[in-house]
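Shown next: model_29.txt, containing compact mmCIF, N, CA and C atoms.
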# COMPACT_ATOMS: atom_id res chain seq x y z
N MET A 464 72.81 -12.07 11.61
CA MET A 464 72.39 -11.45 10.37
C MET A 464 71.18 -12.18 9.83
N LYS A 465 70.25 -11.45 9.30
CA LYS A 465 69.04 -12.05 8.75
C LYS A 465 69.36 -12.74 7.43
N THR A 466 68.76 -13.90 7.23
CA THR A 466 69.04 -14.66 6.02
C THR A 466 68.27 -14.14 4.81
N ASN A 467 67.25 -13.30 5.02
CA ASN A 467 66.46 -12.83 3.90
C ASN A 467 66.94 -11.48 3.36
N GLN A 468 68.10 -11.04 3.78
CA GLN A 468 68.64 -9.78 3.27
C GLN A 468 69.15 -9.95 1.85
N LYS A 469 69.02 -8.88 1.08
CA LYS A 469 69.53 -8.92 -0.28
C LYS A 469 71.05 -8.86 -0.25
N PRO A 470 71.70 -9.49 -1.22
CA PRO A 470 73.15 -9.42 -1.27
C PRO A 470 73.62 -7.99 -1.47
N GLY A 471 74.67 -7.63 -0.81
CA GLY A 471 75.20 -6.28 -0.92
C GLY A 471 76.53 -6.25 -1.63
N ARG A 472 77.23 -5.19 -1.40
CA ARG A 472 78.56 -5.01 -2.00
C ARG A 472 79.58 -5.88 -1.28
N ILE A 473 80.61 -6.24 -2.01
CA ILE A 473 81.75 -6.93 -1.40
C ILE A 473 82.92 -5.96 -1.45
N ILE A 474 83.37 -5.56 -0.27
CA ILE A 474 84.44 -4.57 -0.14
C ILE A 474 85.67 -5.28 0.38
N GLY A 475 86.74 -5.23 -0.37
CA GLY A 475 87.96 -5.93 -0.01
C GLY A 475 88.99 -5.03 0.66
N TYR A 476 89.88 -5.67 1.42
CA TYR A 476 90.98 -4.95 2.04
C TYR A 476 92.21 -5.85 2.05
N VAL A 477 93.33 -5.29 1.60
CA VAL A 477 94.62 -5.97 1.64
C VAL A 477 95.59 -5.05 2.36
N SER A 478 96.22 -5.56 3.38
CA SER A 478 97.23 -4.79 4.09
C SER A 478 98.54 -4.87 3.31
N THR A 479 99.15 -3.73 3.11
CA THR A 479 100.45 -3.72 2.44
C THR A 479 101.58 -3.68 3.46
N GLY A 480 101.23 -3.77 4.75
CA GLY A 480 102.24 -3.66 5.80
C GLY A 480 102.72 -4.99 6.34
N HIS A 481 102.42 -6.08 5.67
CA HIS A 481 102.92 -7.38 6.12
C HIS A 481 103.69 -8.05 4.99
N LEU A 482 104.14 -9.25 5.23
CA LEU A 482 105.03 -9.91 4.26
C LEU A 482 104.31 -10.60 3.11
N GLY A 483 102.99 -10.52 3.06
CA GLY A 483 102.24 -11.17 1.99
C GLY A 483 102.45 -10.48 0.65
N ASP A 484 101.98 -11.13 -0.38
CA ASP A 484 102.08 -10.61 -1.74
C ASP A 484 100.79 -9.84 -2.04
N ALA A 485 100.84 -8.52 -1.92
CA ALA A 485 99.65 -7.68 -2.06
C ALA A 485 98.99 -7.83 -3.43
N GLU A 486 99.78 -7.97 -4.48
CA GLU A 486 99.21 -8.12 -5.82
C GLU A 486 98.42 -9.43 -5.93
N TYR A 487 99.00 -10.51 -5.43
CA TYR A 487 98.33 -11.81 -5.45
C TYR A 487 97.04 -11.75 -4.63
N GLU A 488 97.13 -11.16 -3.42
CA GLU A 488 95.97 -11.08 -2.54
C GLU A 488 94.86 -10.22 -3.16
N THR A 489 95.23 -9.12 -3.79
CA THR A 489 94.26 -8.26 -4.46
C THR A 489 93.55 -9.02 -5.57
N THR A 490 94.30 -9.79 -6.34
CA THR A 490 93.72 -10.60 -7.42
C THR A 490 92.72 -11.60 -6.85
N LYS A 491 93.08 -12.25 -5.77
CA LYS A 491 92.19 -13.25 -5.15
C LYS A 491 90.90 -12.60 -4.63
N LEU A 492 91.02 -11.40 -4.04
CA LEU A 492 89.83 -10.70 -3.57
C LEU A 492 88.92 -10.33 -4.74
N ALA A 493 89.51 -9.87 -5.84
CA ALA A 493 88.73 -9.53 -7.02
C ALA A 493 88.04 -10.77 -7.58
N GLU A 494 88.75 -11.88 -7.63
CA GLU A 494 88.16 -13.14 -8.11
C GLU A 494 87.01 -13.59 -7.21
N ALA A 495 87.07 -13.23 -5.93
CA ALA A 495 86.01 -13.61 -4.98
C ALA A 495 84.85 -12.63 -5.01
N GLY A 496 84.93 -11.62 -5.89
CA GLY A 496 83.81 -10.72 -6.09
C GLY A 496 83.93 -9.33 -5.50
N ALA A 497 85.08 -8.98 -4.93
CA ALA A 497 85.24 -7.64 -4.35
C ALA A 497 85.20 -6.59 -5.46
N SER A 498 84.28 -5.64 -5.32
CA SER A 498 84.17 -4.58 -6.33
C SER A 498 85.02 -3.37 -5.96
N LEU A 499 85.29 -3.20 -4.69
CA LEU A 499 86.20 -2.17 -4.19
C LEU A 499 87.25 -2.86 -3.35
N ILE A 500 88.52 -2.50 -3.54
CA ILE A 500 89.58 -3.10 -2.74
C ILE A 500 90.46 -1.98 -2.21
N TYR A 501 90.51 -1.89 -0.89
CA TYR A 501 91.32 -0.87 -0.23
C TYR A 501 92.66 -1.45 0.21
N THR A 502 93.69 -0.61 0.18
CA THR A 502 95.00 -1.01 0.70
C THR A 502 95.42 -0.07 1.83
N ASP A 503 94.57 0.87 2.16
CA ASP A 503 94.84 1.83 3.22
C ASP A 503 93.87 1.57 4.37
N ARG A 504 94.38 1.34 5.57
CA ARG A 504 93.52 0.99 6.71
C ARG A 504 92.56 2.13 7.04
N ASP A 505 93.01 3.37 6.93
CA ASP A 505 92.11 4.49 7.22
C ASP A 505 90.93 4.51 6.26
N ALA A 506 91.18 4.20 4.99
CA ALA A 506 90.10 4.15 3.99
C ALA A 506 89.13 3.01 4.33
N LEU A 507 89.67 1.87 4.77
CA LEU A 507 88.81 0.76 5.17
C LEU A 507 87.95 1.17 6.36
N ASP A 508 88.55 1.81 7.35
CA ASP A 508 87.80 2.24 8.52
C ASP A 508 86.66 3.17 8.13
N MET A 509 86.91 4.06 7.18
CA MET A 509 85.86 4.98 6.70
C MET A 509 84.77 4.19 5.98
N ALA A 510 85.18 3.23 5.15
CA ALA A 510 84.20 2.42 4.41
C ALA A 510 83.31 1.63 5.36
N VAL A 511 83.87 1.16 6.47
CA VAL A 511 83.10 0.38 7.44
C VAL A 511 81.96 1.23 8.01
N THR A 512 82.19 2.51 8.19
CA THR A 512 81.13 3.38 8.73
C THR A 512 79.99 3.58 7.73
N GLU A 513 80.23 3.27 6.46
CA GLU A 513 79.23 3.46 5.42
C GLU A 513 78.63 2.15 4.91
N LEU A 514 78.89 1.06 5.62
CA LEU A 514 78.35 -0.24 5.21
C LEU A 514 76.83 -0.24 5.32
N GLU A 515 76.22 -1.08 4.51
CA GLU A 515 74.79 -1.29 4.56
C GLU A 515 74.51 -2.76 4.84
N ALA A 516 73.32 -3.03 5.31
CA ALA A 516 72.92 -4.41 5.57
C ALA A 516 73.13 -5.24 4.31
N GLY A 517 73.75 -6.41 4.48
CA GLY A 517 74.01 -7.30 3.36
C GLY A 517 75.38 -7.15 2.75
N ASP A 518 76.10 -6.07 3.08
CA ASP A 518 77.46 -5.89 2.57
C ASP A 518 78.41 -6.88 3.21
N VAL A 519 79.52 -7.12 2.54
CA VAL A 519 80.56 -8.02 3.03
C VAL A 519 81.88 -7.28 3.00
N VAL A 520 82.61 -7.33 4.11
CA VAL A 520 83.99 -6.85 4.14
C VAL A 520 84.85 -8.10 4.01
N LEU A 521 85.58 -8.18 2.92
CA LEU A 521 86.36 -9.37 2.58
C LEU A 521 87.84 -9.07 2.73
N LEU A 522 88.48 -9.81 3.62
CA LEU A 522 89.93 -9.68 3.81
C LEU A 522 90.59 -10.94 3.30
N PHE A 523 91.79 -10.80 2.77
CA PHE A 523 92.48 -12.00 2.31
C PHE A 523 92.82 -12.90 3.48
N SER A 524 93.29 -12.30 4.57
CA SER A 524 93.78 -13.10 5.69
C SER A 524 93.62 -12.35 7.00
N MET A 525 93.63 -13.10 8.07
CA MET A 525 93.57 -12.52 9.41
C MET A 525 94.74 -11.58 9.66
N THR A 526 95.86 -11.82 9.01
CA THR A 526 97.02 -10.93 9.21
C THR A 526 96.74 -9.52 8.72
N ASP A 527 95.72 -9.34 7.89
CA ASP A 527 95.37 -8.01 7.39
C ASP A 527 94.71 -7.14 8.47
N ILE A 528 94.21 -7.75 9.54
CA ILE A 528 93.58 -6.96 10.60
C ILE A 528 94.26 -7.14 11.94
N TYR A 529 95.34 -7.91 12.00
CA TYR A 529 95.94 -8.18 13.30
C TYR A 529 96.41 -6.91 13.98
N ALA A 530 95.93 -6.74 15.16
CA ALA A 530 96.43 -5.69 16.04
C ALA A 530 95.99 -6.04 17.46
N GLY A 531 95.77 -7.30 17.70
CA GLY A 531 95.33 -7.75 19.01
C GLY A 531 93.84 -8.04 19.02
N THR A 532 93.40 -8.67 20.07
CA THR A 532 92.00 -9.09 20.15
C THR A 532 91.05 -7.91 20.26
N GLY A 533 91.47 -6.81 20.89
CA GLY A 533 90.59 -5.66 21.03
C GLY A 533 90.25 -5.03 19.70
N VAL A 534 91.24 -4.84 18.85
CA VAL A 534 91.01 -4.23 17.53
C VAL A 534 90.20 -5.17 16.65
N THR A 535 90.52 -6.45 16.70
CA THR A 535 89.76 -7.42 15.92
C THR A 535 88.30 -7.41 16.35
N GLY A 536 88.06 -7.44 17.65
CA GLY A 536 86.70 -7.42 18.17
C GLY A 536 85.96 -6.14 17.80
N GLN A 537 86.68 -5.02 17.83
CA GLN A 537 86.08 -3.75 17.48
C GLN A 537 85.64 -3.74 16.02
N LEU A 538 86.50 -4.23 15.13
CA LEU A 538 86.16 -4.27 13.71
C LEU A 538 84.97 -5.19 13.46
N VAL A 539 84.99 -6.36 14.08
CA VAL A 539 83.87 -7.29 13.91
C VAL A 539 82.58 -6.64 14.40
N GLY A 540 82.64 -5.98 15.56
CA GLY A 540 81.46 -5.32 16.10
C GLY A 540 80.94 -4.23 15.19
N GLN A 541 81.83 -3.40 14.66
CA GLN A 541 81.41 -2.33 13.76
C GLN A 541 80.74 -2.88 12.50
N VAL A 542 81.33 -3.90 11.94
CA VAL A 542 80.78 -4.50 10.72
C VAL A 542 79.41 -5.11 11.00
N ARG A 543 79.30 -5.86 12.07
CA ARG A 543 78.03 -6.51 12.40
C ARG A 543 76.94 -5.52 12.78
N GLU A 544 77.32 -4.41 13.43
CA GLU A 544 76.33 -3.38 13.78
C GLU A 544 75.65 -2.81 12.54
N GLN A 545 76.37 -2.80 11.44
CA GLN A 545 75.83 -2.27 10.19
C GLN A 545 74.99 -3.32 9.44
N GLY A 546 74.92 -4.53 9.98
CA GLY A 546 74.19 -5.61 9.30
C GLY A 546 75.02 -6.27 8.23
N ALA A 547 76.32 -6.04 8.28
CA ALA A 547 77.25 -6.61 7.29
C ALA A 547 78.01 -7.78 7.91
N VAL A 548 78.86 -8.39 7.11
CA VAL A 548 79.62 -9.57 7.51
C VAL A 548 81.08 -9.35 7.19
N LEU A 549 81.94 -9.85 8.05
CA LEU A 549 83.39 -9.86 7.81
C LEU A 549 83.77 -11.28 7.41
N ARG A 550 84.47 -11.41 6.29
CA ARG A 550 84.94 -12.73 5.83
C ARG A 550 86.44 -12.69 5.62
N LEU A 551 87.08 -13.80 5.99
CA LEU A 551 88.51 -13.96 5.76
C LEU A 551 88.68 -15.06 4.73
N LEU A 552 89.20 -14.69 3.57
CA LEU A 552 89.26 -15.60 2.44
C LEU A 552 90.15 -16.81 2.71
N ARG A 553 91.39 -16.58 3.14
CA ARG A 553 92.32 -17.69 3.33
C ARG A 553 91.88 -18.64 4.43
N GLU A 554 91.41 -18.09 5.54
CA GLU A 554 91.03 -18.92 6.68
C GLU A 554 89.62 -19.50 6.55
N GLY A 555 88.81 -18.96 5.63
CA GLY A 555 87.44 -19.45 5.47
C GLY A 555 86.54 -19.08 6.63
N ILE A 556 86.81 -17.97 7.29
CA ILE A 556 86.01 -17.54 8.44
C ILE A 556 85.00 -16.51 7.99
N ASP A 557 83.80 -16.62 8.53
CA ASP A 557 82.68 -15.75 8.17
C ASP A 557 81.99 -15.37 9.48
N THR A 558 81.84 -14.07 9.75
CA THR A 558 81.26 -13.64 11.03
C THR A 558 79.74 -13.49 10.99
N SER A 559 79.08 -14.14 10.05
CA SER A 559 77.62 -14.07 10.00
C SER A 559 76.99 -14.93 11.09
N SER A 560 77.80 -15.76 11.74
CA SER A 560 77.28 -16.60 12.82
C SER A 560 78.12 -16.40 14.08
N ALA A 561 77.54 -16.76 15.21
CA ALA A 561 78.27 -16.67 16.48
C ALA A 561 79.51 -17.56 16.44
N THR A 562 79.43 -18.68 15.75
CA THR A 562 80.57 -19.58 15.65
C THR A 562 81.73 -18.92 14.91
N GLY A 563 81.42 -18.23 13.81
CA GLY A 563 82.46 -17.54 13.06
C GLY A 563 83.14 -16.46 13.88
N VAL A 564 82.34 -15.70 14.65
CA VAL A 564 82.91 -14.66 15.52
C VAL A 564 83.79 -15.31 16.58
N PHE A 565 83.32 -16.40 17.18
CA PHE A 565 84.09 -17.10 18.20
C PHE A 565 85.42 -17.60 17.65
N VAL A 566 85.39 -18.22 16.49
CA VAL A 566 86.62 -18.74 15.89
C VAL A 566 87.60 -17.61 15.61
N LEU A 567 87.13 -16.51 15.05
CA LEU A 567 88.00 -15.37 14.75
C LEU A 567 88.61 -14.81 16.03
N GLN A 568 87.80 -14.61 17.05
CA GLN A 568 88.31 -14.07 18.31
C GLN A 568 89.29 -15.02 18.97
N THR A 569 89.02 -16.31 18.90
CA THR A 569 89.93 -17.30 19.49
C THR A 569 91.27 -17.29 18.77
N LEU A 570 91.25 -17.26 17.43
CA LEU A 570 92.51 -17.21 16.68
C LEU A 570 93.28 -15.93 16.98
N ALA A 571 92.58 -14.82 17.14
CA ALA A 571 93.25 -13.56 17.48
C ALA A 571 93.91 -13.67 18.84
N ALA A 572 93.23 -14.29 19.81
CA ALA A 572 93.81 -14.46 21.15
C ALA A 572 95.03 -15.37 21.12
N VAL A 573 94.96 -16.45 20.35
CA VAL A 573 96.10 -17.36 20.23
C VAL A 573 97.29 -16.63 19.59
N ASP A 574 97.01 -15.80 18.60
CA ASP A 574 98.08 -15.06 17.95
C ASP A 574 98.74 -14.06 18.91
N VAL A 575 97.93 -13.40 19.73
CA VAL A 575 98.49 -12.48 20.74
C VAL A 575 99.40 -13.26 21.68
N TYR A 576 98.94 -14.40 22.16
CA TYR A 576 99.73 -15.24 23.06
C TYR A 576 101.04 -15.66 22.40
N ARG A 577 100.96 -16.11 21.16
CA ARG A 577 102.16 -16.58 20.45
C ARG A 577 103.17 -15.44 20.30
N ARG A 578 102.70 -14.26 19.93
CA ARG A 578 103.60 -13.12 19.76
C ARG A 578 104.24 -12.70 21.08
N GLU A 579 103.45 -12.67 22.14
CA GLU A 579 103.99 -12.27 23.44
C GLU A 579 104.99 -13.28 23.96
N MET A 580 104.73 -14.56 23.75
CA MET A 580 105.69 -15.59 24.17
C MET A 580 106.98 -15.49 23.37
N ALA A 581 106.87 -15.19 22.09
CA ALA A 581 108.07 -15.03 21.26
C ALA A 581 108.90 -13.84 21.74
N GLU A 582 108.23 -12.74 22.10
CA GLU A 582 108.95 -11.57 22.62
C GLU A 582 109.62 -11.89 23.95
N LEU A 583 108.92 -12.61 24.80
CA LEU A 583 109.47 -13.00 26.09
C LEU A 583 110.70 -13.89 25.89
N GLU A 584 110.59 -14.84 24.98
CA GLU A 584 111.70 -15.74 24.70
C GLU A 584 112.91 -14.98 24.17
N GLN A 585 112.71 -14.03 23.28
CA GLN A 585 113.80 -13.24 22.75
C GLN A 585 114.45 -12.40 23.84
N GLY A 586 113.65 -11.90 24.77
CA GLY A 586 114.17 -11.07 25.85
C GLY A 586 114.97 -11.85 26.87
N ARG A 587 114.79 -13.16 26.92
CA ARG A 587 115.51 -14.00 27.88
C ARG A 587 116.59 -14.84 27.21
N GLY A 588 117.00 -14.42 26.07
CA GLY A 588 118.07 -15.16 25.39
C GLY A 588 117.63 -16.50 24.86
N GLY A 589 116.34 -16.64 24.56
CA GLY A 589 115.87 -17.87 23.95
C GLY A 589 115.32 -18.89 24.91
N THR A 590 115.26 -18.57 26.22
CA THR A 590 114.70 -19.52 27.17
C THR A 590 113.51 -18.90 27.87
N VAL A 591 112.49 -19.70 28.06
CA VAL A 591 111.31 -19.26 28.78
C VAL A 591 111.27 -20.01 30.09
N ALA A 592 111.16 -19.28 31.20
CA ALA A 592 111.16 -19.90 32.53
C ALA A 592 109.87 -20.62 32.80

For the file at hand, write its structure as structure tokens.
Amino acid sequence: MKTNQKPGRIIGYVSTGHLGDAEYETTKLAEAGASLIYTDRDALDMAVTELEAGDVVLLFSMTDIYAGTGVTGQLVGQVREQGAVLRLLREGIDTSSATGVFVLQTLAAVDVYRREMAELEQGRGGTVA
């Protein structure tokens, strides 16, 4: 992302489908400057198609976008193609740099591994071969 771009809108998203406190997360996004906050993933997906250079998509946490590394990568790609940035408030991750994208993708991959190992362990009565 170019550093001379004018600041854009901050668009927030809170997933209501996980165990977090949506009201608390919404408040934190508003305090961080989000002028629009979505709680519906379809609405967020539509908003991403209308991003402009300099806009920020602000999520409270990585758990708000978890659906595996492919979906995470797709969202990051869509946001960056528009000249915008994806930020994760709790984790302090910002995709305006290659390092931020790398860290986000690595954490997504680790989470996929952790979930799959947990499923495997449950399927074998608690033991992993």

Take atom C of A:Val542 and atom N of A:Glu579 and report the distance between them in Å, one decimal.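 Pair atom C of A:Val542 / atom N of A:Glu579 returns 27.6 Å.
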
DSSP on the backbone, then: every residue of chain A marked helix (DSSP H, G or I), written as a short mmCIF file (atom, residue, chain, number, x, y, z; two decimals) with N, CA and C atoms, in the coordinates of the input.
data_model
loop_
_atom_site.label_atom_id
_atom_site.label_comp_id
_atom_site.auth_asym_id
_atom_site.auth_seq_id
_atom_site.Cartn_x
_atom_site.Cartn_y
_atom_site.Cartn_z
N ALA A 485 100.84 -8.52 -1.92
CA ALA A 485 99.65 -7.68 -2.06
C ALA A 485 98.99 -7.83 -3.43
N GLU A 486 99.78 -7.97 -4.48
CA GLU A 486 99.21 -8.12 -5.82
C GLU A 486 98.42 -9.43 -5.93
N TYR A 487 99.00 -10.51 -5.43
CA TYR A 487 98.33 -11.81 -5.45
C TYR A 487 97.04 -11.75 -4.63
N GLU A 488 97.13 -11.16 -3.42
CA GLU A 488 95.97 -11.08 -2.54
C GLU A 488 94.86 -10.22 -3.16
N THR A 489 95.23 -9.12 -3.79
CA THR A 489 94.26 -8.26 -4.46
C THR A 489 93.55 -9.02 -5.57
N THR A 490 94.30 -9.79 -6.34
CA THR A 490 93.72 -10.60 -7.42
C THR A 490 92.72 -11.60 -6.85
N LYS A 491 93.08 -12.25 -5.77
CA LYS A 491 92.19 -13.25 -5.15
C LYS A 491 90.90 -12.60 -4.63
N LEU A 492 91.02 -11.40 -4.04
CA LEU A 492 89.83 -10.70 -3.57
C LEU A 492 88.92 -10.33 -4.74
N ALA A 493 89.51 -9.87 -5.84
CA ALA A 493 88.73 -9.53 -7.02
C ALA A 493 88.04 -10.77 -7.58
N GLU A 494 88.75 -11.88 -7.63
CA GLU A 494 88.16 -13.14 -8.11
C GLU A 494 87.01 -13.59 -7.21
N ARG A 504 94.38 1.34 5.57
CA ARG A 504 93.52 0.99 6.71
C ARG A 504 92.56 2.13 7.04
N ASP A 505 93.01 3.37 6.93
CA ASP A 505 92.11 4.49 7.22
C ASP A 505 90.93 4.51 6.26
N ALA A 506 91.18 4.20 4.99
CA ALA A 506 90.10 4.15 3.99
C ALA A 506 89.13 3.01 4.33
N LEU A 507 89.67 1.87 4.77
CA LEU A 507 88.81 0.76 5.17
C LEU A 507 87.95 1.17 6.36
N ASP A 508 88.55 1.81 7.35
CA ASP A 508 87.80 2.24 8.52
C ASP A 508 86.66 3.17 8.13
N MET A 509 86.91 4.06 7.18
CA MET A 509 85.86 4.98 6.70
C MET A 509 84.77 4.19 5.98
N ALA A 510 85.18 3.23 5.15
CA ALA A 510 84.20 2.42 4.41
C ALA A 510 83.31 1.63 5.36
N VAL A 511 83.87 1.16 6.47
CA VAL A 511 83.10 0.38 7.44
C VAL A 511 81.96 1.23 8.01
N THR A 512 82.19 2.51 8.19
CA THR A 512 81.13 3.38 8.73
C THR A 512 79.99 3.58 7.73
N MET A 525 93.63 -13.10 8.07
CA MET A 525 93.57 -12.52 9.41
C MET A 525 94.74 -11.58 9.66
N THR A 526 95.86 -11.82 9.01
CA THR A 526 97.02 -10.93 9.21
C THR A 526 96.74 -9.52 8.72
N ASP A 527 95.72 -9.34 7.89
CA ASP A 527 95.37 -8.01 7.39
C ASP A 527 94.71 -7.14 8.47
N THR A 532 93.40 -8.67 20.07
CA THR A 532 92.00 -9.09 20.15
C THR A 532 91.05 -7.91 20.26
N GLY A 533 91.47 -6.81 20.89
CA GLY A 533 90.59 -5.66 21.03
C GLY A 533 90.25 -5.03 19.70
N VAL A 534 91.24 -4.84 18.85
CA VAL A 534 91.01 -4.23 17.53
C VAL A 534 90.20 -5.17 16.65
N THR A 535 90.52 -6.45 16.70
CA THR A 535 89.76 -7.42 15.92
C THR A 535 88.30 -7.41 16.35
N GLY A 536 88.06 -7.44 17.65
CA GLY A 536 86.70 -7.42 18.17
C GLY A 536 85.96 -6.14 17.80
N GLN A 537 86.68 -5.02 17.83
CA GLN A 537 86.08 -3.75 17.48
C GLN A 537 85.64 -3.74 16.02
N LEU A 538 86.50 -4.23 15.13
CA LEU A 538 86.16 -4.27 13.71
C LEU A 538 84.97 -5.19 13.46
N VAL A 539 84.99 -6.36 14.08
CA VAL A 539 83.87 -7.29 13.91
C VAL A 539 82.58 -6.64 14.40
N GLY A 540 82.64 -5.98 15.56
CA GLY A 540 81.46 -5.32 16.10
C GLY A 540 80.94 -4.23 15.19
N GLN A 541 81.83 -3.40 14.66
CA GLN A 541 81.41 -2.33 13.76
C GLN A 541 80.74 -2.88 12.50
N VAL A 542 81.33 -3.90 11.94
CA VAL A 542 80.78 -4.50 10.72
C VAL A 542 79.41 -5.11 11.00
N ARG A 543 79.30 -5.86 12.07
CA ARG A 543 78.03 -6.51 12.40
C ARG A 543 76.94 -5.52 12.78
N GLU A 544 77.32 -4.41 13.43
CA GLU A 544 76.33 -3.38 13.78
C GLU A 544 75.65 -2.81 12.54
N ALA A 561 77.54 -16.76 15.21
CA ALA A 561 78.27 -16.67 16.48
C ALA A 561 79.51 -17.56 16.44
N THR A 562 79.43 -18.68 15.75
CA THR A 562 80.57 -19.58 15.65
C THR A 562 81.73 -18.92 14.91
N GLY A 563 81.42 -18.23 13.81
CA GLY A 563 82.46 -17.54 13.06
C GLY A 563 83.14 -16.46 13.88
N VAL A 564 82.34 -15.70 14.65
CA VAL A 564 82.91 -14.66 15.52
C VAL A 564 83.79 -15.31 16.58
N PHE A 565 83.32 -16.40 17.18
CA PHE A 565 84.09 -17.10 18.20
C PHE A 565 85.42 -17.60 17.65
N VAL A 566 85.39 -18.22 16.49
CA VAL A 566 86.62 -18.74 15.89
C VAL A 566 87.60 -17.61 15.61
N LEU A 567 87.13 -16.51 15.05
CA LEU A 567 88.00 -15.37 14.75
C LEU A 567 88.61 -14.81 16.03
N GLN A 568 87.80 -14.61 17.05
CA GLN A 568 88.31 -14.07 18.31
C GLN A 568 89.29 -15.02 18.97
N THR A 569 89.02 -16.31 18.90
CA THR A 569 89.93 -17.30 19.49
C THR A 569 91.27 -17.29 18.77
N LEU A 570 91.25 -17.26 17.43
CA LEU A 570 92.51 -17.21 16.68
C LEU A 570 93.28 -15.93 16.98
N ALA A 571 92.58 -14.82 17.14
CA ALA A 571 93.25 -13.56 17.48
C ALA A 571 93.91 -13.67 18.84
N ALA A 572 93.23 -14.29 19.81
CA ALA A 572 93.81 -14.46 21.15
C ALA A 572 95.03 -15.37 21.12
N VAL A 573 94.96 -16.45 20.35
CA VAL A 573 96.10 -17.36 20.23
C VAL A 573 97.29 -16.63 19.59
N ASP A 574 97.01 -15.80 18.60
CA ASP A 574 98.08 -15.06 17.95
C ASP A 574 98.74 -14.06 18.91
N VAL A 575 97.93 -13.40 19.73
CA VAL A 575 98.49 -12.48 20.74
C VAL A 575 99.40 -13.26 21.68
N TYR A 576 98.94 -14.40 22.16
CA TYR A 576 99.73 -15.24 23.06
C TYR A 576 101.04 -15.66 22.40
N ARG A 577 100.96 -16.11 21.16
CA ARG A 577 102.16 -16.58 20.45
C ARG A 577 103.17 -15.44 20.30
N ARG A 578 102.70 -14.26 19.93
CA ARG A 578 103.60 -13.12 19.76
C ARG A 578 104.24 -12.70 21.08
N GLU A 579 103.45 -12.67 22.14
CA GLU A 579 103.99 -12.27 23.44
C GLU A 579 104.99 -13.28 23.96
N MET A 580 104.73 -14.56 23.75
CA MET A 580 105.69 -15.59 24.17
C MET A 580 106.98 -15.49 23.37
N ALA A 581 106.87 -15.19 22.09
CA ALA A 581 108.07 -15.03 21.26
C ALA A 581 108.90 -13.84 21.74
N GLU A 582 108.23 -12.74 22.10
CA GLU A 582 108.95 -11.57 22.62
C GLU A 582 109.62 -11.89 23.95
N LEU A 583 108.92 -12.61 24.80
CA LEU A 583 109.47 -13.00 26.09
C LEU A 583 110.70 -13.89 25.89
N GLU A 584 110.59 -14.84 24.98
CA GLU A 584 111.70 -15.74 24.70
C GLU A 584 112.91 -14.98 24.17
N GLN A 585 112.71 -14.03 23.28
CA GLN A 585 113.80 -13.24 22.75
C GLN A 585 114.45 -12.40 23.84
N GLY A 586 113.65 -11.90 24.77
CA GLY A 586 114.17 -11.07 25.85
C GLY A 586 114.97 -11.85 26.87
#

Counting all atoms listed in the file, which of A:Glu584, A:Asp484, A:Asp508, A:Glu554 gets nearest to A:Leu522?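 The answer is A:Glu554, which sits nearest to A:Leu522.
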
Let me have the centre and edge lengths in Å, one decimal, of the box along x, y and z around every listed atom of stretch 515-531 of chain A with 4 Å of margin on each side, as AutoDock Vina command-line options.
--center_x 85.0 --center_y -7.1 --center_z 10.7 --size_x 32.1 --size_y 20.0 --size_z 24.7

Of A:Asp518, A:Glu582, A:Glu488, A:Glu494, the one nearest to A:Pro470 when counting all atoms listed in the file is A:Asp518

How many Å lie between atom CA of A:Ala497 and atom CA of A:Met509, rounded to one decimal?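 Computing it gives 16.8 Å between the two atoms.
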
Enumerate, as a ChimeraX atom specification, the complete set of residues in chain A that a backbone-based DSSP assignment places in strand (DSSP E or B). /A:473-476,499-501,519-522,548-551,556-557

If I put a ball of radius 10 Å at (85.4, -1.7, -7.7) in the file's coordinates, which residues poke into it when counting only C-alpha atoms, written as a ChimeraX atom specification? /A:472-475,493,496-501

Nearest-residue call for A:Met525, choices A:Ala571, A:Ala506, A:Ala485, A:Ala561, using only C-alpha atoms: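 Residue with the minimum atom-to-atom distance to A:Met525: A:Ala571.
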
Determine, counting all atoms listed in the file, which protein, DNA and RNA residues have an atom within 7 Å of an atom of A:Ser478; residues of the same chain fewer than 2 positions away are not included. Present the result as number ranges by chain. A: 476, 480-481, 485, 501-504, 523, 526-528

Taking (83.8, -10.8, 13.1) in the file's coordinates as the center, which residues reach within 7 Å of it, counting all atoms listed in the file, put as number ranges by chain? A: 535-536, 538-540, 543, 548-550, 557-559, 563-565, 567-568

For a test of reading the model, state the distance in Å between atom C of A:Glu515 and atom N of A:Gln541, rounded to one decimal. 12.3 Å

Between A:Ala572, A:Ile556, A:Val566, A:Gly471, single out the one closest to A:Leu514, counting only C-alpha atoms.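 Ranking A:Ala572, A:Ile556, A:Val566, A:Gly471 by distance to A:Leu514, first place goes to A:Gly471.
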
Could you check the closest approach to A:Ala547 for each of A:Ser560, A:Tyr576, A:Gly517, A:Ser524 and tell me which residue wins, using only C-alpha atoms? A:Gly517
